[in-house]
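Raw start07.cif, mmCIF, C-alpha atoms and all ligand atoms:
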```
data_work
#
loop_
_atom_site.label_atom_id
_atom_site.label_comp_id
_atom_site.auth_asym_id
_atom_site.auth_seq_id
_atom_site.Cartn_x
_atom_site.Cartn_y
_atom_site.Cartn_z
CA MET A 1 -33.75 0.01 -0.26
CA ASN A 2 -37.14 -0.44 1.47
CA GLU A 3 -35.80 -3.56 3.15
CA ILE A 4 -33.14 -1.42 4.84
CA LEU A 5 -35.76 1.04 6.12
CA LYS A 6 -37.60 -1.83 7.77
CA LEU A 7 -34.57 -3.02 9.75
CA LYS A 8 -34.39 -2.36 13.48
CA ASP A 9 -31.27 -0.52 14.72
CA LYS A 10 -29.59 -3.66 16.00
CA GLU A 11 -30.37 -5.58 12.83
CA LEU A 12 -29.06 -2.72 10.70
CA LEU A 13 -25.75 -2.67 12.56
CA GLU A 14 -25.42 -6.45 12.45
CA LYS A 15 -26.20 -6.54 8.75
CA PHE A 16 -23.62 -3.81 8.13
CA CYS A 17 -20.95 -5.85 9.98
CA VAL A 18 -21.68 -8.83 7.74
CA LEU A 19 -21.48 -6.69 4.60
CA VAL A 20 -18.16 -5.13 5.60
CA ARG A 21 -16.69 -8.56 6.30
CA GLU A 22 -17.90 -9.78 2.92
CA GLU A 23 -16.49 -6.69 1.26
CA LYS A 24 -13.04 -7.30 2.81
CA GLU A 25 -13.12 -10.93 1.72
CA ALA A 26 -14.21 -9.93 -1.77
CA THR A 27 -11.39 -7.36 -1.94
CA ALA A 28 -8.82 -9.97 -0.91
CA SER A 29 -10.23 -12.26 -3.56
CA VAL A 30 -10.04 -9.49 -6.18
CA VAL A 31 -6.35 -9.01 -5.32
CA ALA A 32 -5.61 -12.73 -5.64
CA HIS A 33 -7.41 -12.98 -8.99
CA LEU A 34 -5.68 -9.85 -10.25
CA ALA A 35 -2.30 -11.37 -9.39
CA GLU A 36 -3.10 -14.45 -11.46
CA ILE A 37 -4.48 -12.38 -14.36
CA ASP A 38 -1.18 -10.48 -14.25
CA ARG A 39 0.89 -13.68 -14.19
CA ARG A 40 -0.97 -15.02 -17.23
CA LYS A 41 -0.96 -11.58 -18.89
CA LEU A 42 -4.65 -12.01 -19.68
CA TYR A 43 -5.15 -8.25 -19.85
CA ALA A 44 -3.07 -8.32 -23.06
CA ALA A 45 -5.38 -10.87 -24.67
CA GLU A 46 -8.30 -8.64 -23.71
CA GLY A 47 -6.76 -5.73 -25.60
CA TYR A 48 -5.11 -3.70 -22.83
CA SER A 49 -1.48 -2.68 -22.71
CA SER A 50 -1.22 -3.00 -18.91
CA LEU A 51 -2.98 -4.36 -15.88
CA PHE A 52 -3.54 -0.77 -14.83
CA SER A 53 -5.41 0.24 -17.99
CA TYR A 54 -7.36 -3.05 -17.77
CA CYS A 55 -8.57 -2.08 -14.28
CA VAL A 56 -9.27 1.57 -15.05
CA GLU A 57 -10.77 1.28 -18.53
CA LYS A 58 -12.68 -1.98 -18.27
CA PHE A 59 -13.78 -1.88 -14.64
CA HIS A 60 -13.84 1.87 -14.08
CA TYR A 61 -11.75 1.76 -10.94
CA SER A 62 -10.37 5.17 -10.11
CA GLU A 63 -6.64 5.42 -10.81
CA GLY A 64 -5.89 5.33 -7.08
CA ALA A 65 -8.12 2.31 -6.47
CA ALA A 66 -6.57 0.45 -9.42
CA TYR A 67 -3.05 1.30 -8.23
CA ARG A 68 -3.72 0.03 -4.70
CA ARG A 69 -5.22 -3.24 -5.93
CA ILE A 70 -2.28 -3.82 -8.27
CA GLN A 71 0.18 -3.06 -5.48
CA GLY A 72 -1.73 -5.49 -3.27
CA ALA A 73 -1.51 -8.10 -6.03
CA LYS A 74 2.26 -7.58 -6.27
CA VAL A 75 2.66 -8.14 -2.54
CA TYR A 76 0.47 -11.24 -2.76
CA GLN A 77 2.61 -12.63 -5.60
CA LYS A 78 5.69 -12.44 -3.37
CA PHE A 79 4.03 -13.18 -0.03
CA PRO A 80 0.79 -15.17 -0.44
CA GLU A 81 0.23 -15.08 3.31
CA VAL A 82 -1.02 -11.48 3.03
CA LEU A 83 -4.29 -12.77 1.62
CA GLU A 84 -5.46 -14.05 5.00
CA LEU A 85 -4.24 -10.82 6.63
CA LEU A 86 -6.29 -8.80 4.14
CA LYS A 87 -9.40 -10.88 4.79
CA LYS A 88 -8.95 -10.53 8.54
CA ASP A 89 -8.41 -6.78 8.23
CA LYS A 90 -4.89 -6.94 9.72
CA VAL A 91 -3.57 -5.05 6.68
CA ASN A 92 -5.38 -3.07 3.99
CA LEU A 93 -4.73 -2.08 0.39
CA MET A 94 -3.40 1.32 1.40
CA THR A 95 -0.83 -0.05 3.87
CA LEU A 96 0.19 -2.81 1.44
CA SER A 97 0.70 -0.31 -1.38
CA LEU A 98 2.91 1.76 0.92
CA ILE A 99 5.26 -1.11 1.74
CA GLU A 100 5.24 -2.80 -1.68
CA PRO A 101 8.16 -0.83 -3.16
CA HIS A 102 10.33 -1.74 -0.16
CA LEU A 103 9.63 -5.46 0.05
CA ASP A 104 12.23 -8.05 -0.80
CA GLN A 105 12.66 -11.70 0.12
CA LYS A 106 14.97 -10.71 2.98
CA ASN A 107 12.86 -8.15 4.82
CA GLY A 108 9.41 -9.02 3.44
CA SER A 109 7.92 -11.16 6.19
CA SER A 110 9.26 -8.98 9.01
CA LEU A 111 8.08 -5.77 7.33
CA ILE A 112 4.58 -7.20 6.82
CA HIS A 113 4.60 -8.25 10.48
CA LYS A 114 5.54 -4.71 11.51
CA ILE A 115 2.50 -3.12 9.81
CA LEU A 116 -0.20 -5.39 11.21
CA ASP A 117 -3.20 -3.43 12.53
CA LYS A 118 -1.50 -0.17 11.68
CA SER A 119 -3.04 2.89 10.04
CA LYS A 120 -1.62 4.61 6.98
CA ARG A 121 0.16 7.18 9.15
CA GLU A 122 1.60 4.56 11.46
CA VAL A 123 2.93 2.60 8.48
CA GLU A 124 4.53 5.76 7.14
CA GLU A 125 6.22 6.15 10.50
CA VAL A 126 7.45 2.55 10.39
CA LEU A 127 8.93 3.17 6.94
CA SER A 128 10.43 6.43 8.12
CA GLU A 129 12.09 4.72 11.10
CA LEU A 130 13.53 2.13 8.75
CA SER A 131 14.73 4.99 6.51
CA LEU A 132 12.60 3.53 3.75
CA LYS A 133 10.16 6.36 3.34
CA LYS A 134 10.80 8.46 0.30
CA GLU A 135 10.05 12.13 0.31
CA LYS A 136 6.61 12.59 -1.17
CA VAL A 137 7.17 14.66 -4.28
CA GLN A 138 4.98 14.76 -7.32
CA ASP A 139 5.87 16.09 -10.73
CA VAL A 140 3.73 19.08 -11.59
CA ILE A 141 2.84 20.67 -14.92
CA ARG A 142 0.15 23.19 -14.14
CA ARG A 143 -1.40 25.71 -16.52
CA LEU A 144 -1.72 29.03 -14.76
CA PRO A 145 -4.59 31.44 -15.44
CA VAL A 146 -3.87 33.55 -18.51
CA LYS A 147 -4.05 36.79 -16.57
CA ASN A 148 -1.98 37.67 -13.52
CA SER A 149 0.45 34.86 -13.95
CA ALA A 150 4.18 35.06 -13.86
CA GLN A 151 6.23 33.04 -16.32
CA ASN A 152 7.59 30.53 -13.96
CA PHE A 153 9.75 27.50 -14.34
CA THR A 154 10.52 26.06 -11.00
CA PHE A 155 13.22 23.51 -10.62
CA THR A 156 13.19 21.83 -7.27
CA GLY A 157 16.11 19.58 -6.63
CA GLU A 158 18.32 18.20 -3.92
CA SER A 159 21.38 19.77 -5.37
CA ASP A 160 23.47 22.84 -5.23
CA LEU A 161 22.82 24.54 -8.55
CA ASN A 162 24.55 27.58 -9.90
CA LYS A 163 22.48 30.49 -8.70
CA LYS A 164 24.03 33.34 -10.68
CA ASP A 165 21.07 33.98 -12.94
CA ALA A 166 18.27 32.90 -10.73
CA THR A 167 16.54 33.90 -7.59
CA ALA A 168 17.20 31.00 -5.33
CA GLU A 169 15.54 30.00 -2.16
CA VAL A 170 17.10 27.31 -0.07
CA SER A 171 14.89 25.70 2.47
CA GLN A 172 15.52 22.85 4.85
CA LYS A 173 13.08 19.98 4.58
CA GLY A 174 14.13 17.47 7.17
CA LYS A 175 17.64 16.39 6.37
CA LYS A 176 17.38 17.30 2.71
CA THR A 177 17.95 20.64 1.15
CA SER A 178 15.66 21.71 -1.61
CA LEU A 179 16.42 24.49 -3.97
CA GLU A 180 13.83 26.44 -5.86
CA MET A 181 14.65 28.60 -8.84
CA SER A 182 12.15 31.02 -10.30
CA PHE A 183 12.50 33.08 -13.40
CA SER A 184 10.75 36.31 -14.22
CA PRO A 185 9.01 36.73 -17.59
CA SER A 186 10.98 38.02 -20.53
CA GLY A 187 8.13 40.43 -21.29
CA THR A 188 8.52 40.20 -25.04
CA ALA A 189 5.84 37.72 -25.98
CA VAL A 190 2.77 39.11 -27.70
CA ASN A 191 1.18 35.96 -29.05
CA PRO A 192 -2.07 33.99 -29.12
CA VAL A 193 -3.49 32.74 -25.84
CA GLN A 194 -1.74 29.35 -25.93
CA GLU A 195 1.61 31.04 -26.52
CA THR A 196 1.25 33.50 -23.69
CA ARG A 197 -0.32 31.08 -21.24
CA LYS A 198 2.10 30.45 -18.42
CA VAL A 199 2.82 27.00 -17.14
CA LYS A 200 4.36 26.04 -13.87
CA ILE A 201 6.53 22.96 -14.09
CA GLU A 202 7.98 21.40 -11.01
CA PHE A 203 9.87 18.22 -10.39
CA VAL A 204 12.52 16.70 -8.22
CA ALA A 205 15.60 15.33 -9.87
CA ASP A 206 18.79 13.66 -8.79
CA GLU A 207 22.26 15.16 -8.89
CA LYS A 208 22.93 13.69 -12.36
CA VAL A 209 20.06 15.64 -13.90
CA ALA A 210 21.15 18.83 -12.14
CA LYS A 211 24.65 18.39 -13.61
CA LEU A 212 23.20 17.87 -17.10
CA ILE A 213 21.26 21.11 -16.78
CA GLU A 214 24.28 23.00 -15.51
CA ARG A 215 26.40 21.69 -18.36
CA ALA A 216 23.74 22.55 -20.97
CA LYS A 217 23.63 26.02 -19.51
CA GLU A 218 27.38 26.43 -20.01
CA VAL A 219 27.35 24.99 -23.52
CA LEU A 220 24.48 27.25 -24.63
CA ARG A 221 25.69 30.34 -22.81
CA HIS A 222 26.38 32.10 -26.15
CA LYS A 223 22.82 31.45 -27.32
CA TYR A 224 21.04 32.05 -24.02
CA PRO A 225 23.21 34.40 -21.97
CA GLN A 226 20.55 34.54 -19.25
CA GLY A 227 20.68 30.78 -18.90
CA LYS A 228 16.93 30.56 -18.42
CA LEU A 229 15.73 27.01 -17.81
CA GLU A 230 12.75 27.70 -20.05
CA ASP A 231 15.07 28.23 -23.04
CA LEU A 232 17.24 25.24 -22.22
CA VAL A 233 14.29 22.92 -21.76
CA ARG A 234 12.66 24.10 -25.00
CA GLU A 235 15.90 23.55 -26.91
CA ALA A 236 16.50 20.15 -25.34
CA PHE A 237 13.00 18.84 -26.05
CA GLU A 238 12.95 20.20 -29.61
CA LEU A 239 16.16 18.28 -30.30
CA LEU A 240 14.83 15.17 -28.62
CA LEU A 241 11.54 15.20 -30.53
CA ASP A 242 13.27 15.93 -33.84
CA LYS A 243 15.19 12.74 -33.29
CA LYS A 244 12.56 10.51 -31.72
CA ASP A 245 9.07 11.70 -32.61
CA PRO A 246 7.62 9.48 -35.38
CA GLU A 247 5.12 12.21 -36.32
CA ARG A 248 7.92 14.67 -37.01
CA LYS A 249 9.79 12.05 -39.01
CA ILE A 250 6.73 11.45 -41.17
CA LYS A 251 6.22 15.14 -41.70
CA ARG A 252 9.84 15.64 -42.68
CA ALA A 253 9.70 12.67 -45.01
CA SER A 254 6.67 13.90 -46.89
CA GLU A 255 8.03 17.42 -47.05
CA LYS A 256 11.21 16.26 -48.68
CA GLU A 257 9.43 13.67 -50.82
CA ILE A 258 11.76 11.07 -49.48
CA LEU A 259 9.05 8.46 -49.87
CA ARG A 260 9.42 8.23 -53.62
CA ALA A 261 13.19 8.49 -53.59
CA GLU A 262 13.59 5.63 -51.14
CA ARG A 263 11.22 3.21 -52.82
CA PRO A 264 13.66 1.33 -55.14
CA GLN A 265 16.15 0.83 -52.35
CA ASN A 266 13.44 -0.60 -50.10
CA ASP A 267 12.22 -3.00 -52.68
CA SER A 268 15.67 -4.45 -53.02
CA ALA A 269 16.02 -4.69 -49.23
CA VAL A 270 12.74 -6.61 -49.11
CA ARG A 271 13.74 -8.78 -52.04
CA ASN A 272 17.03 -9.64 -50.41
CA GLY A 273 15.09 -11.13 -47.52
CA SER A 274 16.66 -8.83 -44.94
CA ARG A 275 15.01 -8.49 -41.59
CA TYR A 276 15.76 -4.79 -41.72
CA ILE A 277 12.58 -2.78 -42.10
CA PRO A 278 13.27 0.29 -44.27
CA GLN A 279 12.35 3.66 -42.79
CA VAL A 280 9.88 4.26 -45.58
CA LEU A 281 7.93 1.10 -44.72
CA GLN A 282 8.00 1.94 -41.04
CA ARG A 283 6.52 5.34 -41.81
CA GLU A 284 3.81 3.86 -44.03
CA VAL A 285 2.82 1.36 -41.37
CA TYR A 286 2.92 4.03 -38.66
CA LYS A 287 0.64 6.25 -40.74
CA ARG A 288 -1.76 3.45 -41.61
CA ASP A 289 -2.02 2.27 -37.96
CA GLU A 290 -2.43 5.89 -36.83
CA GLY A 291 0.51 5.68 -34.45
CA GLN A 292 -1.28 3.21 -32.16
CA CYS A 293 -0.97 -0.41 -31.11
CA SER A 294 -3.14 -2.29 -33.60
CA TYR A 295 -3.89 -5.31 -31.41
CA THR A 296 -7.61 -6.03 -31.24
CA SER A 297 -9.04 -8.64 -28.89
CA PRO A 298 -11.40 -11.36 -30.19
CA GLU A 299 -14.22 -9.28 -28.64
CA GLY A 300 -13.16 -6.27 -30.69
CA LYS A 301 -11.37 -4.19 -28.01
CA LYS A 302 -8.54 -2.30 -29.69
CA CYS A 303 -5.48 -1.63 -27.53
CA GLY A 304 -4.65 1.78 -29.04
CA GLU A 305 -1.56 2.31 -26.84
CA LYS A 306 0.56 5.17 -28.23
CA ASN A 307 3.74 4.61 -26.24
CA PHE A 308 6.48 1.99 -26.58
CA LEU A 309 5.40 0.98 -30.07
CA GLU A 310 7.27 -1.69 -32.00
CA MET A 311 7.09 -3.01 -35.55
CA ASP A 312 5.68 -6.53 -35.76
CA HIS A 313 5.65 -9.02 -38.62
CA ILE A 314 2.10 -10.41 -38.78
CA HIS A 315 3.39 -13.63 -40.32
CA PRO A 316 6.55 -13.86 -38.19
CA TRP A 317 9.81 -13.11 -39.94
CA GLY A 318 11.36 -16.15 -38.26
CA LEU A 319 8.73 -18.30 -39.97
CA GLY A 320 9.24 -16.83 -43.42
CA GLY A 321 7.17 -13.63 -43.14
CA SER A 322 8.41 -10.73 -45.22
CA SER A 323 8.94 -7.04 -44.50
CA THR A 324 6.07 -5.63 -46.52
CA THR A 325 3.49 -3.04 -45.54
CA GLU A 326 0.80 -5.72 -45.64
CA ASN A 327 2.75 -8.02 -43.32
CA LEU A 328 3.74 -5.30 -40.84
CA ARG A 329 1.79 -3.68 -38.04
CA LEU A 330 2.36 -1.56 -34.97
CA LEU A 331 2.16 -3.27 -31.60
CA CYS A 332 2.88 -1.89 -28.15
CA ARG A 333 5.66 -3.61 -26.22
CA THR A 334 3.16 -5.58 -24.12
CA HIS A 335 1.37 -6.99 -27.15
CA ASN A 336 4.55 -7.60 -29.13
CA GLN A 337 6.03 -9.62 -26.26
CA TRP A 338 2.77 -11.37 -25.54
CA ARG A 339 2.45 -12.34 -29.18
CA ALA A 340 6.06 -13.57 -29.35
CA GLU A 341 5.53 -15.68 -26.24
CA ARG A 342 2.44 -17.25 -27.75
CA THR A 343 4.10 -17.89 -31.11
CA PHE A 344 7.50 -19.09 -29.97
CA GLY A 345 6.81 -20.10 -26.37
ZN ZN B 1 -1.10 -2.97 -27.28
#
```

Spit out the file's structure as structure tokens when you get a sec.
Ligand SMILES: [Zn+2]
Amino acid sequence: MNEILKLKDKELLEKFCVLVREEKEATASVVAHLAEIDRRKLYAAEGYSSLFSYCVEKFHYSEGAAYRRIQGAKVYQKFPEVLELLKKDKVNLMTLSLIEPHLDQKNGSSLIHKILDKSKREVEEVLSELSLKKEKVQDVIRRLPVKNSAQNFTFTGESDLNKKDATAEVSQKGKKTSLEMSFSPSGTAVNPVQETRKVKIEFVADEKVAKLIERAKEVLRHKYPQGKLEDLVREAFELLLDKKDPERKIKRASEKEILRAERPQNDSAVRNGSRYIPQVLQREVYKRDEGQCSYTSPEGKKCGEKNFLEMDHIHPWGLGGSSTTENLRLLCRTHNQWRAERTFG
């Protein structure tokens, strides 16, 4: 730091120019290396389920910074010429991440050419002119303060929903119409804080989703005459989780003591050499692996991914491995695929 204090004004500015140039070159180099790490899926070997978690968890990039570098790497994979443009400051990570979703082999080179030396806003305008810019809408699930909050489920969509039971506000946003539906509180809940806490949920959906909601409303009219989205969504997600949530399945299984009842059947399935993995074994493995990807890197980094889990035979079934608790483990999709590629090529 003292060295900086000693610099004369001119030297300070010159030194800063050099540092910025080096920073840009280093960033371009980071992007190129990231692209190759992605191609070789090295993040999987290191114990991460995605390039994104590798960047955020291992290198402590902010989510935004990681996202922009990964987007930059994707552009570089398709159009390696962007590396020089990055180094020379003709494009930056922000502008590249804006155009990445719209690039294909047909328009790629010309689109990159169109954004040279342009700011974020100018690139957004370019995309808008090309009708490529998507409306910027983020999904929102926001806990409202416990006091002074209205029970509020807001559905914002580009569709013409049935407005009979809702207060609807139709506003014009550019060419698109957005519809907002708000519901007043039922006023019956007298429950603990978590139960009474109000949550605002907001998202944009396509026409298909709007139709599903409308249909569900009709079907459940007898149960929920008011047709409140809150009731419909609760019902829909309860049904979904009853069917798909492994934790609920385990709970149900132990409650009904299915474990013991299923055991003989499973043993015979295993003995018969079937690839089928009995539910009871799946539950045991899920419980033992705590519902997480069990992959651990040679350095001891455990993946721990809780989504997209698959059952893996440690000694591969195709090579004679059996469906036993000891030979089974949970892996996330990334690690299951990665492992299969390494085993079978
Ligand atoms: Zn994993």

Counting all atoms listed in the file, what residues are within 8 Å of ligand ZN 1 (chain B), given as a PDB file with C-alpha atoms, keeping the file's coordinate frame?
```pdb
ATOM      1  CA  ALA A  44      -3.070  -8.320 -23.060  1.00  0.00           C
ATOM      2  CA  GLY A  47      -6.760  -5.730 -25.600  1.00  0.00           C
ATOM      3  CA  TYR A  48      -5.110  -3.700 -22.830  1.00  0.00           C
ATOM      4  CA  SER A  49      -1.480  -2.680 -22.710  1.00  0.00           C
ATOM      5  CA  GLN A 292      -1.280   3.210 -32.160  1.00  0.00           C
ATOM      6  CA  CYS A 293      -0.970  -0.410 -31.110  1.00  0.00           C
ATOM      7  CA  SER A 294      -3.140  -2.290 -33.600  1.00  0.00           C
ATOM      8  CA  TYR A 295      -3.890  -5.310 -31.410  1.00  0.00           C
ATOM      9  CA  LYS A 302      -8.540  -2.300 -29.690  1.00  0.00           C
ATOM     10  CA  CYS A 303      -5.480  -1.630 -27.530  1.00  0.00           C
ATOM     11  CA  GLY A 304      -4.650   1.780 -29.040  1.00  0.00           C
ATOM     12  CA  GLU A 305      -1.560   2.310 -26.840  1.00  0.00           C
ATOM     13  CA  LEU A 331       2.160  -3.270 -31.600  1.00  0.00           C
ATOM     14  CA  CYS A 332       2.880  -1.890 -28.150  1.00  0.00           C
ATOM     15  CA  ARG A 333       5.660  -3.610 -26.220  1.00  0.00           C
ATOM     16  CA  THR A 334       3.160  -5.580 -24.120  1.00  0.00           C
ATOM     17  CA  HIS A 335       1.370  -6.990 -27.150  1.00  0.00           C
ATOM     18  CA  ASN A 336       4.550  -7.600 -29.130  1.00  0.00           C
TER      19      ASN A 336
END
```

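Proximity to Tyr67 (chain A) at 12 Å, evaluated using only C-alpha atoms and with sequence-adjacent residues fewer than 2 positions away removed, yields Val31, Leu34, Ser50, Leu51, Phe52, Ser53, Tyr54, Cys55, Val56, Tyr61, Ser62, Glu63, Gly64, Ala65, Arg69, Ile70, Gln71, Gly72, Ala73, Lys74, Leu93, Met94, Leu96, Ser97, Leu98 and Glu100 of chain A.
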
Output C-alpha atoms of each residue in that selection to a file, as a PDB file, in the frame of the given file.
```pdb
ATOM      1  CA  VAL A  31      -6.350  -9.010  -5.320  1.00  0.00           C
ATOM      2  CA  LEU A  34      -5.680  -9.850 -10.250  1.00  0.00           C
ATOM      3  CA  SER A  50      -1.220  -3.000 -18.910  1.00  0.00           C
ATOM      4  CA  LEU A  51      -2.980  -4.360 -15.880  1.00  0.00           C
ATOM      5  CA  PHE A  52      -3.540  -0.770 -14.830  1.00  0.00           C
ATOM      6  CA  SER A  53      -5.410   0.240 -17.990  1.00  0.00           C
ATOM      7  CA  TYR A  54      -7.360  -3.050 -17.770  1.00  0.00           C
ATOM      8  CA  CYS A  55      -8.570  -2.080 -14.280  1.00  0.00           C
ATOM      9  CA  VAL A  56      -9.270   1.570 -15.050  1.00  0.00           C
ATOM     10  CA  TYR A  61     -11.750   1.760 -10.940  1.00  0.00           C
ATOM     11  CA  SER A  62     -10.370   5.170 -10.110  1.00  0.00           C
ATOM     12  CA  GLU A  63      -6.640   5.420 -10.810  1.00  0.00           C
ATOM     13  CA  GLY A  64      -5.890   5.330  -7.080  1.00  0.00           C
ATOM     14  CA  ALA A  65      -8.120   2.310  -6.470  1.00  0.00           C
ATOM     15  CA  ARG A  69      -5.220  -3.240  -5.930  1.00  0.00           C
ATOM     16  CA  ILE A  70      -2.280  -3.820  -8.270  1.00  0.00           C
ATOM     17  CA  GLN A  71       0.180  -3.060  -5.480  1.00  0.00           C
ATOM     18  CA  GLY A  72      -1.730  -5.490  -3.270  1.00  0.00           C
ATOM     19  CA  ALA A  73      -1.510  -8.100  -6.030  1.00  0.00           C
ATOM     20  CA  LYS A  74       2.260  -7.580  -6.270  1.00  0.00           C
ATOM     21  CA  LEU A  93      -4.730  -2.080   0.390  1.00  0.00           C
ATOM     22  CA  MET A  94      -3.400   1.320   1.400  1.00  0.00           C
ATOM     23  CA  LEU A  96       0.190  -2.810   1.440  1.00  0.00           C
ATOM     24  CA  SER A  97       0.700  -0.310  -1.380  1.00  0.00           C
ATOM     25  CA  LEU A  98       2.910   1.760   0.920  1.00  0.00           C
ATOM     26  CA  GLU A 100       5.240  -2.800  -1.680  1.00  0.00           C
TER      27      GLU A 100
END
```

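Taking only C-alpha atoms into account, Ser29 (chain A) lies nearest to A:Leu83 out of the set A:Ile99, A:Leu116, A:Ile277, A:Leu83.
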
* If you measure from CA of Glu84 (chain A) to CA of Ala28 (chain A), what distance in Å do you get, rounded to one decimal? -> 7.9 Å

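Atom to atom, CA of Val126 (chain A) and CA of Asp38 (chain A) stand 29.2 Å apart.
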
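Of note, CA of Leu127 (chain A) and CA of Asn107 (chain A) are spaced 12.2 Å apart.
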
Box along x, y and z, 6 Å on every side, all listed atoms of region 287-302 of chain A inside: centre and edge lengths in Å to one decimal, as AutoDock Vina command-line options.
```
--center_x -6.8 --center_y -2.6 --center_z -34.8 --size_x 26.9 --size_y 29.6 --size_z 25.6
```

* Counting all atoms listed in the file, the option among A:Glu310, A:Ala210, A:Glu326, A:Lys251 closest to Arg288 (chain A) -> A:Glu326

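Distance check against Lys118 (chain A) using all atoms listed in the file: of A:Val91, A:Leu212, A:Ile37, A:Ala26, the minimum falls on A:Val91.
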
Would you mind completing region 124-130 of chain A to all heavy atoms and writing the output as an mmCIF file, in the coordinates of the input?
```cif
data_model
loop_
_atom_site.group_PDB
_atom_site.id
_atom_site.type_symbol
_atom_site.label_atom_id
_atom_site.label_comp_id
_atom_site.auth_asym_id
_atom_site.auth_seq_id
_atom_site.Cartn_x
_atom_site.Cartn_y
_atom_site.Cartn_z
ATOM 1 N N GLU A 124 3.556 4.774 7.623
ATOM 2 C CA GLU A 124 4.530 5.760 7.140
ATOM 3 C C GLU A 124 5.622 6.001 8.171
ATOM 4 O O GLU A 124 6.793 6.168 7.828
ATOM 5 C CB GLU A 124 3.810 7.082 6.792
ATOM 6 C CG GLU A 124 3.062 6.991 5.474
ATOM 7 C CD GLU A 124 2.253 8.240 5.131
ATOM 8 O OE1 GLU A 124 1.893 9.002 6.055
ATOM 9 O OE2 GLU A 124 1.959 8.427 3.950
ATOM 10 N N GLU A 125 5.217 5.993 9.434
ATOM 11 C CA GLU A 125 6.220 6.150 10.500
ATOM 12 C C GLU A 125 7.170 4.966 10.552
ATOM 13 O O GLU A 125 8.379 5.128 10.717
ATOM 14 C CB GLU A 125 5.521 6.318 11.859
ATOM 15 C CG GLU A 125 5.069 7.748 12.118
ATOM 16 C CD GLU A 125 4.112 7.853 13.302
ATOM 17 O OE1 GLU A 125 4.106 6.942 14.145
ATOM 18 O OE2 GLU A 125 3.360 8.849 13.343
ATOM 19 N N VAL A 126 6.602 3.757 10.401
ATOM 20 C CA VAL A 126 7.450 2.550 10.390
ATOM 21 C C VAL A 126 8.487 2.659 9.270
ATOM 22 O O VAL A 126 9.689 2.436 9.480
ATOM 23 C CB VAL A 126 6.593 1.273 10.198
ATOM 24 C CG1 VAL A 126 7.468 0.063 9.904
ATOM 25 C CG2 VAL A 126 5.734 1.017 11.420
ATOM 26 N N LEU A 127 8.023 3.053 8.080
ATOM 27 C CA LEU A 127 8.930 3.170 6.940
ATOM 28 C C LEU A 127 9.974 4.262 7.182
ATOM 29 O O LEU A 127 11.145 4.122 6.823
ATOM 30 C CB LEU A 127 8.143 3.485 5.659
ATOM 31 C CG LEU A 127 7.236 2.359 5.156
ATOM 32 C CD1 LEU A 127 6.433 2.814 3.952
ATOM 33 C CD2 LEU A 127 8.052 1.119 4.799
ATOM 34 N N SER A 128 9.527 5.331 7.817
ATOM 35 C CA SER A 128 10.430 6.430 8.120
ATOM 36 C C SER A 128 11.522 5.979 9.095
ATOM 37 O O SER A 128 12.703 6.280 8.907
ATOM 38 C CB SER A 128 9.612 7.571 8.709
ATOM 39 O OG SER A 128 10.397 8.707 8.794
ATOM 40 N N GLU A 129 11.116 5.233 10.128
ATOM 41 C CA GLU A 129 12.090 4.720 11.100
ATOM 42 C C GLU A 129 13.102 3.796 10.441
ATOM 43 O O GLU A 129 14.267 3.751 10.818
ATOM 44 C CB GLU A 129 11.362 3.948 12.221
ATOM 45 C CG GLU A 129 10.783 4.857 13.286
ATOM 46 C CD GLU A 129 9.766 4.129 14.167
ATOM 47 O OE1 GLU A 129 9.851 2.887 14.265
ATOM 48 O OE2 GLU A 129 8.895 4.818 14.729
ATOM 49 N N LEU A 130 12.625 3.060 9.443
ATOM 50 C CA LEU A 130 13.530 2.130 8.750
ATOM 51 C C LEU A 130 14.278 2.849 7.613
ATOM 52 O O LEU A 130 14.932 2.213 6.809
ATOM 53 C CB LEU A 130 12.721 0.965 8.166
ATOM 54 C CG LEU A 130 12.028 0.058 9.184
ATOM 55 C CD1 LEU A 130 11.074 -0.887 8.483
ATOM 56 C CD2 LEU A 130 13.055 -0.737 9.986
#
```
